[in-house]
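What follows is a single structure, written as structure tokens, with notes after it.
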Amino acid sequence: MIILLMLPLLFGSFQQKWYIPQGTDGPAGRVVIGDTDRDGNYEFFIRTYGGSQKIYCYELHLPDTWEVDSFSYFWGPLVWDTGDFDLDGLYDLVIQTAVDTPPKTLISIAESPDSFSYPTQEVWRDTVGPPLVLPISAYDIDQDGFPEIVKNRATPYGYIGIYEATGDNQYELIFADDPDTSGLEAPAATHAFGDFDGDGSIECVFAGGDEWYWVYESPSNNVYEKISEGTVTTLNVRDCFSVPDADEDGKPEFVVKGFVIPSAEIHVFIFEAIADNTYEIVKTFTLPGGDYYGGYSDVGDVDGDSIPEIVLEARQNVFIIKAAGNDSFYVWDTLPGHNSGSSIAVYDIDGNGLSEIIISGNNETRIYEYDPGGIEEHPGIRNLKFVSPFYPNMFKGDVRIDFALPFDQKTKVYLYDITGRLVRKMEVSKRVSITENNLSSGVYFLRIDNPVTGKSICWKFVKIK
């Protein structure tokens, strides 16, 4: 066992709390979090960069010590999810690996041998097809108390499979389907789960096959029906995930993310239900990204306001997306990613009320936490609008910012560049309109003094070449 002591580093409104010199193999596999050895300390599991046949476990001992452990598996295992899938009181870890020559994909479940050990002991496996990186998730879709294990099977081509425990360390394939009736499109993305249309049944969203998504619903125990399908205007969909009502309109969202070569653009589509079994895109983003296979995003409350943020993986960047109102989303902040893609996890791993952002890839893992300081977020500002051909916080050419203030008193507005140089200062009341024509490329900050609270409201945006 190795013990690492990590030191913090400031990064904008976030603090890099810990740095770990190992990380996921690009976007292959997830960062999986849990207290699997039941000692009161959370740990995360990763398959490290470089094709290792080991799974590494990092456990946090407060305040700043990480204990590192590892256990061997076979054929470069990818870890995907954890939980007590068979309800025997012990943690399980679902793993994708390979066997035989030529290799075949294997879905494998490792379990803790006792209530004080990590899940290192394989207790079940199923060979399902060729060795492709196809995500696996666990969720109780049919609401019978047993989490289903959902896998894109690629057998013979494009099938999905749902497994469920039938006893202690016993699992059966209870459902399989080809979501695309033409047989040409195959799901290859992560999965979104939730009662998106509010009818009391849980949906599971599959995506992939370049630009497709498929929505399945479970109306009763072990019964699953495809209720919707469609395409989005992108390619290479590898990332699909749930958002538990970020805009507080009473409806959870799901997100489908793809990327396009050679434009190197990341396309993001936020969906909401508009009726039973009917969904529409309520917001899209086009983000700078790159020609890569695709990484995995996550969701969580990173600023402690009880409202979830979308932490979106986009190759060299990780974009933090917030809601400013019903169906209104904006990029609030940016953190560095990895050029080969990252696996993102959002979890309050140290139990202080703020979810950390874990960014893992390319042989390193960086863990950030929001540092509120004396800065307020901007949702108190109404009707803010950026004029931009890309998305609200990134622009080319000129930028115009128009918004109304939530207070009537006169206040000061400041525009700074990344070095802290004051670009513009003005005194305003009620409404603000700023037009800047000659800004050089880089990061800028708009600060508004709030005369009511004595604090400041800060907005970050980026001019690109």
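Letters for chains follow the order of the structure tokens (A, B, ...), residue numbers begin at 1 for each chain, and ligand numbers begin at 1 in the order shown.
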
With only C-alpha atoms counted and 10 Å as the cut-off, give the residues of stretch 29-142 of chain A in contact with stretch 190-193 of chain A, each with its shortest interatomic distance in Å and the pair that gives it, as CSV.
residue,atom,partner,partner_atom,distance
A:Arg30,CA,A:Thr190,CA,9.9
A:Trp80,CA,A:Thr190,CA,9.7
A:Leu134,CA,A:Thr190,CA,7.9
A:Pro135,CA,A:Thr190,CA,5.4
A:Ile136,CA,A:Thr190,CA,7.1
A:Ser137,CA,A:His191,CA,6.8
A:Ala138,CA,A:His191,CA,9.3
A:Tyr139,CA,A:Phe193,CA,7.3
A:Asp140,CA,A:Phe193,CA,9.1
A:Ile141,CA,A:Phe193,CA,7.6

Any chance you can output those residues with N, CA, C and O atoms as a compact mmCIF listing (two decimals), in the first residue's frame?
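Everything below was put into part36.txt:
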# COMPACT_ATOMS: atom_id res chain seq x y z
N ARG A 30 -14.88 4.14 -16.34
CA ARG A 30 -15.31 5.25 -15.51
C ARG A 30 -14.45 5.38 -14.26
O ARG A 30 -13.71 4.46 -13.89
N TRP A 80 -16.83 0.08 -14.40
CA TRP A 80 -17.96 0.86 -14.87
C TRP A 80 -18.93 1.30 -13.78
O TRP A 80 -19.49 2.38 -13.85
N LEU A 134 -17.68 -0.71 -24.60
CA LEU A 134 -19.11 -0.43 -24.56
C LEU A 134 -19.52 -0.29 -23.10
O LEU A 134 -19.40 -1.24 -22.32
N PRO A 135 -19.98 0.90 -22.70
CA PRO A 135 -20.23 1.18 -21.29
C PRO A 135 -21.27 0.27 -20.65
O PRO A 135 -22.17 -0.26 -21.31
N ILE A 136 -21.15 0.10 -19.34
CA ILE A 136 -22.06 -0.67 -18.52
C ILE A 136 -22.53 0.21 -17.36
O ILE A 136 -21.72 0.96 -16.79
N SER A 137 -23.82 0.14 -17.02
CA SER A 137 -24.37 0.94 -15.92
C SER A 137 -25.29 0.07 -15.07
O SER A 137 -25.79 -0.96 -15.54
N ALA A 138 -25.54 0.52 -13.84
CA ALA A 138 -26.46 -0.19 -12.95
C ALA A 138 -27.52 0.79 -12.44
O ALA A 138 -27.19 1.89 -12.00
N TYR A 139 -28.79 0.36 -12.51
CA TYR A 139 -29.91 1.19 -12.05
C TYR A 139 -31.14 0.30 -11.90
O TYR A 139 -31.35 -0.60 -12.71
N ASP A 140 -31.96 0.57 -10.90
CA ASP A 140 -33.18 -0.22 -10.70
C ASP A 140 -34.28 0.35 -11.60
O ASP A 140 -35.12 1.13 -11.17
N ILE A 141 -34.29 -0.08 -12.86
CA ILE A 141 -35.21 0.49 -13.85
C ILE A 141 -36.64 0.03 -13.59
O ILE A 141 -37.59 0.82 -13.69

Report task. Would you kindly return, as a list in words, each protein, DNA or RNA residue with an atom no farther than 9 Å from any atom of A:Ala188, considering only C-alpha atoms and excluding same-chain residues fewer than 4 positions away? Result -> Val133, Leu134, Pro135, Asn152, Ala154, Gly158, Phe206, Ala207, Gly208, Gly209, Asp210, Asn236, Val237, Arg238 and Asp239 of chain A

Write the residues of the selection above to a file with all heavy atoms, as a tab-separated table (two decimals), in the first residue's frame.
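Everything below was put into out_10.tsv:
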chain	number	residue	atom	x	y	z
A	133	VAL	N	-15.13	-1.26	-26.54
A	133	VAL	CA	-15.39	-0.47	-25.34
A	133	VAL	C	-16.84	-0.03	-25.37
A	133	VAL	O	-17.23	0.88	-26.09
A	133	VAL	CB	-14.46	0.75	-25.26
A	133	VAL	CG1	-14.81	1.62	-24.05
A	133	VAL	CG2	-13.01	0.31	-25.18
A	134	LEU	N	-17.68	-0.71	-24.60
A	134	LEU	CA	-19.11	-0.43	-24.56
A	134	LEU	C	-19.52	-0.29	-23.10
A	134	LEU	O	-19.40	-1.24	-22.32
A	134	LEU	CB	-19.90	-1.56	-25.22
A	134	LEU	CG	-19.62	-1.75	-26.72
A	134	LEU	CD1	-20.30	-3.00	-27.23
A	134	LEU	CD2	-20.08	-0.53	-27.51
A	135	PRO	N	-19.98	0.90	-22.70
A	135	PRO	CA	-20.23	1.18	-21.29
A	135	PRO	C	-21.27	0.27	-20.65
A	135	PRO	O	-22.17	-0.26	-21.31
A	135	PRO	CB	-20.72	2.63	-21.31
A	135	PRO	CG	-20.10	3.22	-22.54
A	135	PRO	CD	-20.11	2.11	-23.53
A	152	ASN	N	-24.41	-2.38	-23.47
A	152	ASN	CA	-24.48	-2.45	-24.92
A	152	ASN	C	-23.70	-3.69	-25.35
A	152	ASN	O	-22.50	-3.78	-25.16
A	152	ASN	CB	-23.87	-1.19	-25.54
A	152	ASN	CG	-24.44	0.08	-24.94
A	152	ASN	OD1	-25.60	0.11	-24.56
A	152	ASN	ND2	-23.63	1.12	-24.85
A	154	ALA	N	-23.34	-5.54	-28.44
A	154	ALA	CA	-22.64	-5.73	-29.72
A	154	ALA	C	-22.66	-7.19	-30.16
A	154	ALA	O	-21.70	-7.72	-30.70
A	154	ALA	CB	-21.21	-5.24	-29.64
A	158	GLY	N	-25.20	-4.45	-32.32
A	158	GLY	CA	-26.08	-3.40	-31.84
A	158	GLY	C	-27.07	-3.80	-30.78
A	158	GLY	O	-27.94	-3.01	-30.45
A	206	PHE	N	-30.52	4.97	-24.31
A	206	PHE	CA	-29.33	4.49	-24.99
A	206	PHE	C	-29.00	5.46	-26.12
A	206	PHE	O	-29.89	6.13	-26.66
A	206	PHE	CB	-29.57	3.10	-25.60
A	206	PHE	CG	-29.88	2.03	-24.59
A	206	PHE	CD1	-31.18	1.81	-24.15
A	206	PHE	CD2	-28.86	1.24	-24.08
A	206	PHE	CE1	-31.47	0.82	-23.23
A	206	PHE	CE2	-29.14	0.24	-23.15
A	206	PHE	CZ	-30.44	0.03	-22.73
A	207	ALA	N	-27.74	5.55	-26.49
A	207	ALA	CA	-27.35	6.45	-27.58
A	207	ALA	C	-26.11	5.89	-28.26
A	207	ALA	O	-25.41	5.04	-27.73
A	207	ALA	CB	-27.09	7.86	-27.07
A	208	GLY	N	-25.85	6.39	-29.46
A	208	GLY	CA	-24.70	5.94	-30.23
A	208	GLY	C	-25.09	5.79	-31.68
A	208	GLY	O	-25.98	6.48	-32.18
A	209	GLY	N	-24.42	4.84	-32.37
A	209	GLY	CA	-24.72	4.67	-33.79
A	209	GLY	C	-24.57	5.98	-34.54
A	209	GLY	O	-25.42	6.36	-35.34
A	210	ASP	N	-23.49	6.68	-34.27
A	210	ASP	CA	-23.22	8.03	-34.77
A	210	ASP	C	-24.13	9.05	-34.10
A	210	ASP	O	-23.72	9.76	-33.21
A	210	ASP	CB	-23.33	8.10	-36.29
A	210	ASP	CG	-22.10	7.55	-36.98
A	210	ASP	OD1	-21.07	7.41	-36.29
A	210	ASP	OD2	-22.15	7.25	-38.16
A	236	ASN	N	-20.76	10.42	-33.79
A	236	ASN	CA	-19.88	9.85	-32.76
A	236	ASN	C	-20.40	10.09	-31.34
A	236	ASN	O	-19.67	10.56	-30.47
A	236	ASN	CB	-18.47	10.43	-32.90
A	236	ASN	CG	-17.88	10.19	-34.27
A	236	ASN	OD1	-17.72	9.05	-34.71
A	236	ASN	ND2	-17.56	11.26	-34.96
A	237	VAL	N	-21.66	9.76	-31.09
A	237	VAL	CA	-22.22	9.91	-29.75
A	237	VAL	C	-21.64	8.82	-28.85
A	237	VAL	O	-21.79	7.64	-29.12
A	237	VAL	CB	-23.75	9.82	-29.78
A	237	VAL	CG1	-24.31	9.79	-28.36
A	237	VAL	CG2	-24.33	11.00	-30.55
A	238	ARG	N	-20.96	9.25	-27.78
A	238	ARG	CA	-20.37	8.32	-26.82
A	238	ARG	C	-20.78	8.64	-25.38
A	238	ARG	O	-20.42	7.92	-24.47
A	238	ARG	CB	-18.83	8.36	-26.91
A	238	ARG	CG	-18.27	7.95	-28.25
A	238	ARG	CD	-18.46	6.48	-28.52
A	238	ARG	NE	-17.85	6.08	-29.77
A	238	ARG	CZ	-18.45	6.08	-30.95
A	238	ARG	NH1	-19.72	6.47	-31.02
A	238	ARG	NH2	-17.83	5.70	-32.04
A	239	ASP	N	-21.50	9.75	-25.19
A	239	ASP	CA	-21.78	10.23	-23.85
A	239	ASP	C	-23.27	10.55	-23.74
A	239	ASP	O	-23.80	11.35	-24.52
A	239	ASP	CB	-20.95	11.50	-23.60
A	239	ASP	CG	-20.75	11.81	-22.13
A	239	ASP	OD1	-21.11	10.97	-21.29
A	239	ASP	OD2	-20.23	12.89	-21.82

Report task. Can you pull out every residue within 6 Å of A:Ile46, counting only C-alpha atoms, but drop anything in the same chain fewer than 5 positions away, and send it as a list in words? Result ->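 The contact residues come out as Thr24, Val31, Ile55 and Tyr56 of chain A.
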
Kindly export the residues of the current selection with N, CA and C atoms, as an mmCIF file, in the first residue's frame.
data_model
loop_
_atom_site.group_PDB
_atom_site.id
_atom_site.type_symbol
_atom_site.label_atom_id
_atom_site.label_comp_id
_atom_site.auth_asym_id
_atom_site.auth_seq_id
_atom_site.Cartn_x
_atom_site.Cartn_y
_atom_site.Cartn_z
ATOM 1 N N THR A 24 -7.264 7.323 -15.601
ATOM 2 C CA THR A 24 -7.904 6.374 -16.502
ATOM 3 C C THR A 24 -7.197 6.347 -17.846
ATOM 4 N N VAL A 31 -14.578 6.513 -13.595
ATOM 5 C CA VAL A 31 -14.135 6.650 -12.213
ATOM 6 C C VAL A 31 -15.310 6.185 -11.347
ATOM 7 N N ILE A 55 -6.498 -2.977 -11.467
ATOM 8 C CA ILE A 55 -7.464 -1.958 -11.086
ATOM 9 C C ILE A 55 -6.914 -1.281 -9.834
ATOM 10 N N TYR A 56 -6.847 0.046 -9.865
ATOM 11 C CA TYR A 56 -6.297 0.801 -8.749
ATOM 12 C C TYR A 56 -7.418 1.396 -7.908
#

**Report entry** Residues within 12 Å of A:Ser117, only C-alpha atoms, excluding chain neighbours under 2 positions, as a list of chain:residue names
**Finding:** A:Asp35, A:Thr36, A:Asp37, A:Arg38, A:Asp39, A:Glu43, A:Cys57, A:Asp69, A:Phe71, A:Leu90, A:Tyr91, A:Asp92, A:Ala110, A:Glu111, A:Ser112, A:Pro113, A:Asp114, A:Ser115, A:Pro119, A:Thr120, A:Gln121

Could you write those residues out with N, CA and C atoms, as a PDB file, in the first residue's frame?
ATOM      1  N   ASP A  35     -17.886   3.556  -0.737  1.00  0.00           N
ATOM      2  CA  ASP A  35     -17.200   3.063   0.457  1.00  0.00           C
ATOM      3  C   ASP A  35     -17.354   1.551   0.472  1.00  0.00           C
ATOM      4  N   THR A  36     -16.629   0.881  -0.402  1.00  0.00           N
ATOM      5  CA  THR A  36     -16.860  -0.542  -0.625  1.00  0.00           C
ATOM      6  C   THR A  36     -16.331  -1.417   0.508  1.00  0.00           C
ATOM      7  N   ASP A  37     -15.384  -0.894   1.302  1.00  0.00           N
ATOM      8  CA  ASP A  37     -14.879  -1.690   2.427  1.00  0.00           C
ATOM      9  C   ASP A  37     -15.509  -1.284   3.751  1.00  0.00           C
ATOM     10  N   ARG A  38     -16.519  -0.399   3.708  1.00  0.00           N
ATOM     11  CA  ARG A  38     -17.360  -0.041   4.852  1.00  0.00           C
ATOM     12  C   ARG A  38     -16.559   0.492   6.043  1.00  0.00           C
ATOM     13  N   ASP A  39     -15.516   1.284   5.771  1.00  0.00           N
ATOM     14  CA  ASP A  39     -14.724   1.834   6.870  1.00  0.00           C
ATOM     15  C   ASP A  39     -15.008   3.318   7.106  1.00  0.00           C
ATOM     16  N   GLU A  43     -13.653   5.715  -1.479  1.00  0.00           N
ATOM     17  CA  GLU A  43     -12.544   5.444  -2.395  1.00  0.00           C
ATOM     18  C   GLU A  43     -13.054   5.502  -3.829  1.00  0.00           C
ATOM     19  N   CYS A  57      -7.175   1.428  -6.620  1.00  0.00           N
ATOM     20  CA  CYS A  57      -8.133   1.961  -5.660  1.00  0.00           C
ATOM     21  C   CYS A  57      -7.444   3.038  -4.831  1.00  0.00           C
ATOM     22  N   ASP A  69      -4.135   1.346  -3.341  1.00  0.00           N
ATOM     23  CA  ASP A  69      -4.072  -0.105  -3.388  1.00  0.00           C
ATOM     24  C   ASP A  69      -4.383  -0.541  -4.804  1.00  0.00           C
ATOM     25  N   PHE A  71      -5.372  -4.311  -7.401  1.00  0.00           N
ATOM     26  CA  PHE A  71      -5.517  -5.755  -7.514  1.00  0.00           C
ATOM     27  C   PHE A  71      -5.531  -6.128  -8.994  1.00  0.00           C
ATOM     28  N   LEU A  90     -22.900  -7.034   0.461  1.00  0.00           N
ATOM     29  CA  LEU A  90     -21.508  -6.813   0.063  1.00  0.00           C
ATOM     30  C   LEU A  90     -21.468  -6.000  -1.237  1.00  0.00           C
ATOM     31  N   TYR A  91     -20.463  -5.161  -1.352  1.00  0.00           N
ATOM     32  CA  TYR A  91     -20.331  -4.334  -2.557  1.00  0.00           C
ATOM     33  C   TYR A  91     -19.895  -5.179  -3.753  1.00  0.00           C
ATOM     34  N   ASP A  92     -20.485  -4.843  -4.909  1.00  0.00           N
ATOM     35  CA  ASP A  92     -20.105  -5.449  -6.182  1.00  0.00           C
ATOM     36  C   ASP A  92     -19.509  -4.378  -7.086  1.00  0.00           C
ATOM     37  N   ALA A 110     -17.083  -8.397  -9.739  1.00  0.00           N
ATOM     38  CA  ALA A 110     -16.229  -8.687  -8.594  1.00  0.00           C
ATOM     39  C   ALA A 110     -16.956  -8.239  -7.338  1.00  0.00           C
ATOM     40  N   GLU A 111     -16.757  -8.972  -6.248  1.00  0.00           N
ATOM     41  CA  GLU A 111     -17.464  -8.679  -4.994  1.00  0.00           C
ATOM     42  C   GLU A 111     -16.473  -8.648  -3.836  1.00  0.00           C
ATOM     43  N   SER A 112     -16.797  -7.853  -2.822  1.00  0.00           N
ATOM     44  CA  SER A 112     -16.003  -7.867  -1.595  1.00  0.00           C
ATOM     45  C   SER A 112     -16.144  -9.237  -0.928  1.00  0.00           C
ATOM     46  N   PRO A 113     -15.057  -9.880  -0.571  1.00  0.00           N
ATOM     47  CA  PRO A 113     -15.163 -11.195   0.079  1.00  0.00           C
ATOM     48  C   PRO A 113     -15.748 -11.110   1.493  1.00  0.00           C
ATOM     49  N   ASP A 114     -15.727  -9.908   2.096  1.00  0.00           N
ATOM     50  CA  ASP A 114     -16.311  -9.695   3.412  1.00  0.00           C
ATOM     51  C   ASP A 114     -16.674  -8.223   3.512  1.00  0.00           C
ATOM     52  N   SER A 115     -17.222  -7.824   4.651  1.00  0.00           N
ATOM     53  CA  SER A 115     -17.749  -6.461   4.785  1.00  0.00           C
ATOM     54  C   SER A 115     -16.676  -5.427   5.069  1.00  0.00           C
ATOM     55  N   PRO A 119     -14.002  -4.836  -3.395  1.00  0.00           N
ATOM     56  CA  PRO A 119     -14.548  -5.891  -4.275  1.00  0.00           C
ATOM     57  C   PRO A 119     -13.495  -6.393  -5.264  1.00  0.00           C
ATOM     58  N   THR A 120     -12.717  -7.366  -4.853  1.00  0.00           N
ATOM     59  CA  THR A 120     -11.594  -7.878  -5.640  1.00  0.00           C
ATOM     60  C   THR A 120     -11.810  -9.299  -6.159  1.00  0.00           C
ATOM     61  N   GLN A 121     -12.855  -9.967  -5.712  1.00  0.00           N
ATOM     62  CA  GLN A 121     -13.036 -11.391  -6.001  1.00  0.00           C
ATOM     63  C   GLN A 121     -14.111 -11.583  -7.066  1.00  0.00           C
TER      64      GLN A 121
END

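Using only C-alpha atoms, the shortest contact distance between A:Asp305 and any of A:Leu287, A:Ala246, A:Ala176, A:Ile274 is found at A:Ala246.
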
**Report entry** Selected residue of minimal separation from A:Glu59 among A:Leu335, A:Val215, A:Ile349, A:Ala98, counting only C-alpha atoms
**Finding:** A:Ile349

Which polymer residues have any atom within 9 Å of an atom of A:Ile310, counting only C-alpha atoms, with same-chain residues fewer than 5 positions away left out, as a CSV table (one decimal) with C-alpha atoms, in the first residue's frame?
chain,number,residue,atom,x,y,z
A,243,VAL,CA,-29.6,15.5,-15.0
A,246,ALA,CA,-31.1,21.4,-13.1
A,297,SER,CA,-19.4,13.5,-18.2
A,298,ASP,CA,-21.2,13.6,-14.8
A,299,VAL,CA,-23.6,15.7,-12.8
A,300,GLY,CA,-23.7,17.0,-9.3
A,301,ASP,CA,-24.0,20.0,-6.9
A,319,PHE,CA,-17.2,22.8,-19.1
A,320,ILE,CA,-19.4,23.4,-16.0
A,321,ILE,CA,-23.0,24.2,-17.1
A,322,LYS,CA,-25.6,25.8,-14.9

Query - Shell around A:Asp195 at 12 Å using only C-alpha atoms, local window under 5 positions removed, as JSON, numbers by chain - result: {"A": [140, 141, 142, 143, 200, 201, 202, 203, 204, 205, 215, 216, 217, 218, 219, 242, 243, 244, 245, 250, 251, 252, 253, 254, 272, 273, 275, 276, 277, 279]}

Query raised in the report: Got a sec: who's within 8 Å of A:Phe175, counting only C-alpha atoms, leaving out chain neighbours fewer than 4 positions off, as a PyMOL selection string?
Result: chain A and resi 161-163+222-224
